[in-house]
Every structure is written in structure tokens, then in C-alpha cells.
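S.K.: Below is the structure I would like to discuss, written out as C-alpha cells.
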Amino acid sequence: MARESQESFAGFPGVRRLFARARFPGTIKQSTSSDSNPDFTGVQRPQGSSNSVDIEALRELSWSGIPPKLRPDCWRILLGYAPPNRERRETILARKRQEYRDFVPSYYEGAGGANASEDEVSVDVPRTAPGVPFFSQPDVQSSLERILYLWGLRHPASGYVQGINDLVTPFLAVFASEHFEGPMSEWRVGQLPPDTLLAMEADCYWCLSRLLDGIQDHYTHAQPGIQRAVFHLRELVRRVDEPTAAHLEAQGLEFLQFAFRWVNCLLLREVPFMLGIRLWDTYLAEGTGLREFLVYILASFLLSWSADLRTLEFQELIMFLQRPPTADWGEDDVELILSRAFMWRSSFKGAVNHFS
């Protein structure tokens with residue numbers, strides 16, 4: 001059932017109270033199962049207006065998970081799409097949403113026929129997140145297609161690249177959550193007024209753009225950012241678990257054979273969808289540190305099965321790592337991955353050329 005859009009912190013019951021107390025370190029585990037969390041009272045600027053969010057405090061808290069009802073606004077702010085000052089927020093969001101509305105007739109509806117980018121988008125959209133029924137809705141697929149086509153057209157350095165479609169899905173789910181109650185499987189985007197749907201699309205488009213600004217070379221020609229991340233992953237695994245690294249090498253397994261997709265889709269295809277959204281709380285909280293920290297997350301993810309991996313031969317390794325057994329995972333499993341990655345990063349902090 002659709003409900004009224006809530007586009008500011010004022011729209012959440014008790015949120016002013018939630019953004020008014022002291023800071024907490026990001027390593028404190030936050031529960032994201034409830035709609036509000038008293039630990040999120042630590043993001044008001046200590047010396048400033050109650051209308052202004054302390055970004056660093058928000059990053060620290062978001063790192064350990066964001067309550068679902070706070071997640072849309074937190075993500076917009078963490079990505080720098082929405083300003084920390086609430087008094088300016090509505091004006092800026094309204095301007096950016098109108099800018100996106102203007103893109104649609106100028107770039108999408110006036111494209112004048114198919115091109116290579118549009119063809120690739122139209123192929124990828126129907127097979128995006130196949131295990132999540134929400135993304136099989138025609139209206140959701142239409143929104144996804146517009147977002148991807150417009151992004152590719154306006155970013156000619158890379159254009160649309162397969163995998164970017166996956167990166168839109170958390171934004172679509174999180175920003176749609178502002179307009180619906182109940183489980184995601186019951187949301188019907190076709191019930192939304194056209195202006196509301198375009199505003200949601202606009203938020204997805206601008207947040208995707210902000211995210212990709214920090215990892216643009218993952219999607220430019222030859223995808224050098226992904227190549228570099230996979231190389232660093234291999235080096236890190238050698239440092240933290242030499243026996244497993246040696247076994248993989250002895251079997252002739254190249255990290256690119258499984259980890260390319262991990263980096264390309266930021267693990268979204270490797271874990272249940274809602275756990276992917278939880279991972280993104282940490283990704284966005286990392287800000288400019290995501291590129292480096294992602295390597296530690298991937299190493300932690302891989303070495304979750306280190307004992308199993310050392311018993312497998314080449315073909316078994318390929319099959320295992322291309323479809324890791326995460327179907328029964330819960331938030332505790334993700335927290336373990338992140339905690340171990342955080343520990344390794346802290347251990348290597350300041351080391352000279354630890355990625356040789």
C-alpha cells in the first residue's frame with residue numbers, strides 16, 4: 001500500500017530527538033532491525049544548529065548499520081547529494097529532482113532511436129536482481145532503464161557498463177521504502193503518482209552518480225580500477241592467510257576468475273539482497289575510503305571459507321567462488337565480515353607498501 005512521501009528528517013517520528021546527542025565510535029554494533037535506534041542521536045553538530053547534521057558522527061554511526069526508516073535520508077547525506085543543513089535540504093533536492101525531470105525529454109525521450117548503450121541497457125534491465133520480485137515489475141524496470149540510459153549518455157568517458165545496473169538496485173529499494181509499508185514483495189511502484197516516481201528516480205540517479213564518482217575507473221576502458229582492486233586483493237590474502245593463497249595458486253586459480261564480478265557489483269550478487277543493503281550502509285559511511293576498504297571486505301569475505309577452499313581443486317574452486325554459499329546468511333555474518341576487514345585495515349594502517 002502506498003503512503004505519503006517523507007522527504008526530510010522532520011517526516012520521521014522522533015527524528016529530531018534521534019539527531020541530538022553525543023557521538024559514538026563506528027565500531028559499535030548497531031541493530032538495524034528496528035525503525036529507530038537511540039544510538040543515532042549522535043549526529044547533531046555539538047557547536048551548531050540542531051538543523052545541521054554532523055557528517056563525521058553520521059559516518060561513524062552509519063558504518064555499523066542504519067535503521068531502515070532513517071536510511072534514505074542518511075544515504076542522501078552521506079553521498080553529498082543532500083546537504084547536512086535541513087533548512088537547505090528541501091530546496092536543493094527539489095532543484096536536483098527538477099533537473100532530472102528535464103533530462104528525461106532532452107536525453108531519453110528525444111534520443112531518436114537505439115544505440116549500443118541503449119541496446120545493452122535494454123538487455124541487462126530484465127535480468128537485474130532476478131531473485132528479487134520487486135525488480136521484475138514493469139514500472140521498476142522502466143525506471144531502471146531510464147536511470148541507466150541517462151547516466152551512460154551523460155558520462156561518455158565510460159558510458160553504460162554491465163554491472164552498473166546492479167549498483168542502482170539498493171537505491172531503488174531504499175528510496176522506494178519511503179513510499180510503502182510492509183514487505184518489499186508487496187510494494188507496487190505503479191501505484192505511485194508520476195511526479196513521485198520521477199523524484200525517486202532522480203534520487204537514484206544522483207546518488208548513483210555520487211557513488212561512481214569515487215570508483216569511476218572501475219567502469220572506464222579496460223576497467224583499470226577493478227584490475228587494481230583484484231591485484232590488491234590477491235596481495236592482501238597472501239599477507240593474512242598464506243596457506244590459502246598458496247593453495248589457490250597451486251591450483252592455477254586466478255583471482256580475476258571470481259573476484260572481477262565481486263568488485264564490479266560490490267558483492268551485491270554474492271549475498272542476499274537485504275544484506276547487500278546493509279553492506280552499503282558501511283560502503284557509504286566509508287566515503288572516499290571505500291576504494292581501499294573494499295579490498296579488505298573482499299578478503300574477509302573470501303577467507304570466510306579458507307578451510308573449505310584448501311580442500312577443493314580448480315574446478316570445484318571456480319564453482320564455489322562463483323556462487324558462494326550465502327543464501328542462509330544473516331546480519332551477524334555480514335557484521336563478522338566487516339569486523340574482520342576493519343581489524344585487518346587497522347593492523348596494516350601506516351605500513352609502507354603493504355600492497356606490493
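Ligands are numbered from 1 in the order shown, chains are lettered A, B, ... in the order of the C-alpha cells, and residues start at 1 in each chain.
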Just want the 12 Å neighbourhood of Asp119 (chain A), counted on only C-alpha atoms, with same-chain residues fewer than 5 positions away dropped. Output as a list of chain:residue names.

M.R.: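 Residues near the query, excluding close chain neighbours: A:Gly113, A:Ala114, A:Asp124, A:Val125, A:Glu145, A:Leu148, A:Tyr149, A:Gly152, A:Tyr160, A:Val161, A:Gln162.
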
S.K.: So, counting only C-alpha atoms, which residue among A:Glu90, A:Asp73, A:Glu292, A:Asp281 is closest to Ser177 (chain A)?

M.R.: A:Asp73

S.K.: Residues of region 56-172 of chain A that approach region 218-226 of chain A to 8 Å or less, counting only C-alpha atoms: could you list each one with the shortest pair of atoms and its distance in Å to one decimal, rows by chain and increasing residue number, as a tab-separated table?

M.R.:
```
residue	atom	partner	partner_atom	distance
A:Ala157	CA	A:Thr220	CA	6.4
A:Ser158	CA	A:Thr220	CA	4.4
A:Gly159	CA	A:Thr220	CA	7.9
A:Val161	CA	A:Tyr219	CA	6.2
```

S.K.: Hey, can you spit out that residue selection with all heavy atoms as a JSON list (two decimals), in the first residue's frame?

M.R.:
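Written file, part_3.json:
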```
[["chain", "number", "residue", "atom", "x", "y", "z"],
["A", 157, "ALA", "N", 32.76, 9.17, -20.81],
["A", 157, "ALA", "CA", 34.09, 8.60, -20.57],
["A", 157, "ALA", "C", 34.01, 7.10, -20.38],
["A", 157, "ALA", "O", 34.94, 6.37, -20.75],
["A", 157, "ALA", "CB", 34.73, 9.25, -19.34],
["A", 158, "SER", "N", 32.92, 6.63, -19.81],
["A", 158, "SER", "CA", 32.74, 5.19, -19.63],
["A", 158, "SER", "C", 31.52, 4.69, -20.36],
["A", 158, "SER", "O", 31.50, 3.58, -20.90],
["A", 158, "SER", "CB", 32.63, 4.84, -18.14],
["A", 158, "SER", "OG", 31.46, 5.43, -17.59],
["A", 159, "GLY", "N", 30.46, 5.52, -20.41],
["A", 159, "GLY", "CA", 29.19, 5.04, -20.90],
["A", 159, "GLY", "C", 28.64, 3.99, -19.95],
["A", 159, "GLY", "O", 29.20, 3.74, -18.88],
["A", 161, "VAL", "N", 28.14, 0.45, -18.48],
["A", 161, "VAL", "CA", 28.91, -0.79, -18.42],
["A", 161, "VAL", "C", 28.11, -1.79, -17.60],
["A", 161, "VAL", "O", 27.54, -1.44, -16.56],
["A", 161, "VAL", "CB", 30.29, -0.56, -17.78],
["A", 161, "VAL", "CG1", 31.06, -1.87, -17.63],
["A", 161, "VAL", "CG2", 31.11, 0.44, -18.60]]
```

S.K.: Kindly assemble as a tab-separated table a list of the region 162-196 of chain A residues that lie within 9 Å of region 254-272 of chain A, each paired with its nearest atom pair and their distance in Å to one decimal, using only C-alpha atoms, sorted first by chain and then by ascending residue number.

M.R.:
```
residue	atom	partner	partner_atom	distance
A:Gln162	CA	A:Asn264	CA	8.5
A:Gly163	CA	A:Cys265	CA	5.5
A:Ile164	CA	A:Cys265	CA	7.3
A:Asn165	CA	A:Cys265	CA	8.7
A:Asp166	CA	A:Cys265	CA	6.1
A:Leu167	CA	A:Cys265	CA	6.5
A:Pro170	CA	A:Leu268	CA	8.9
```
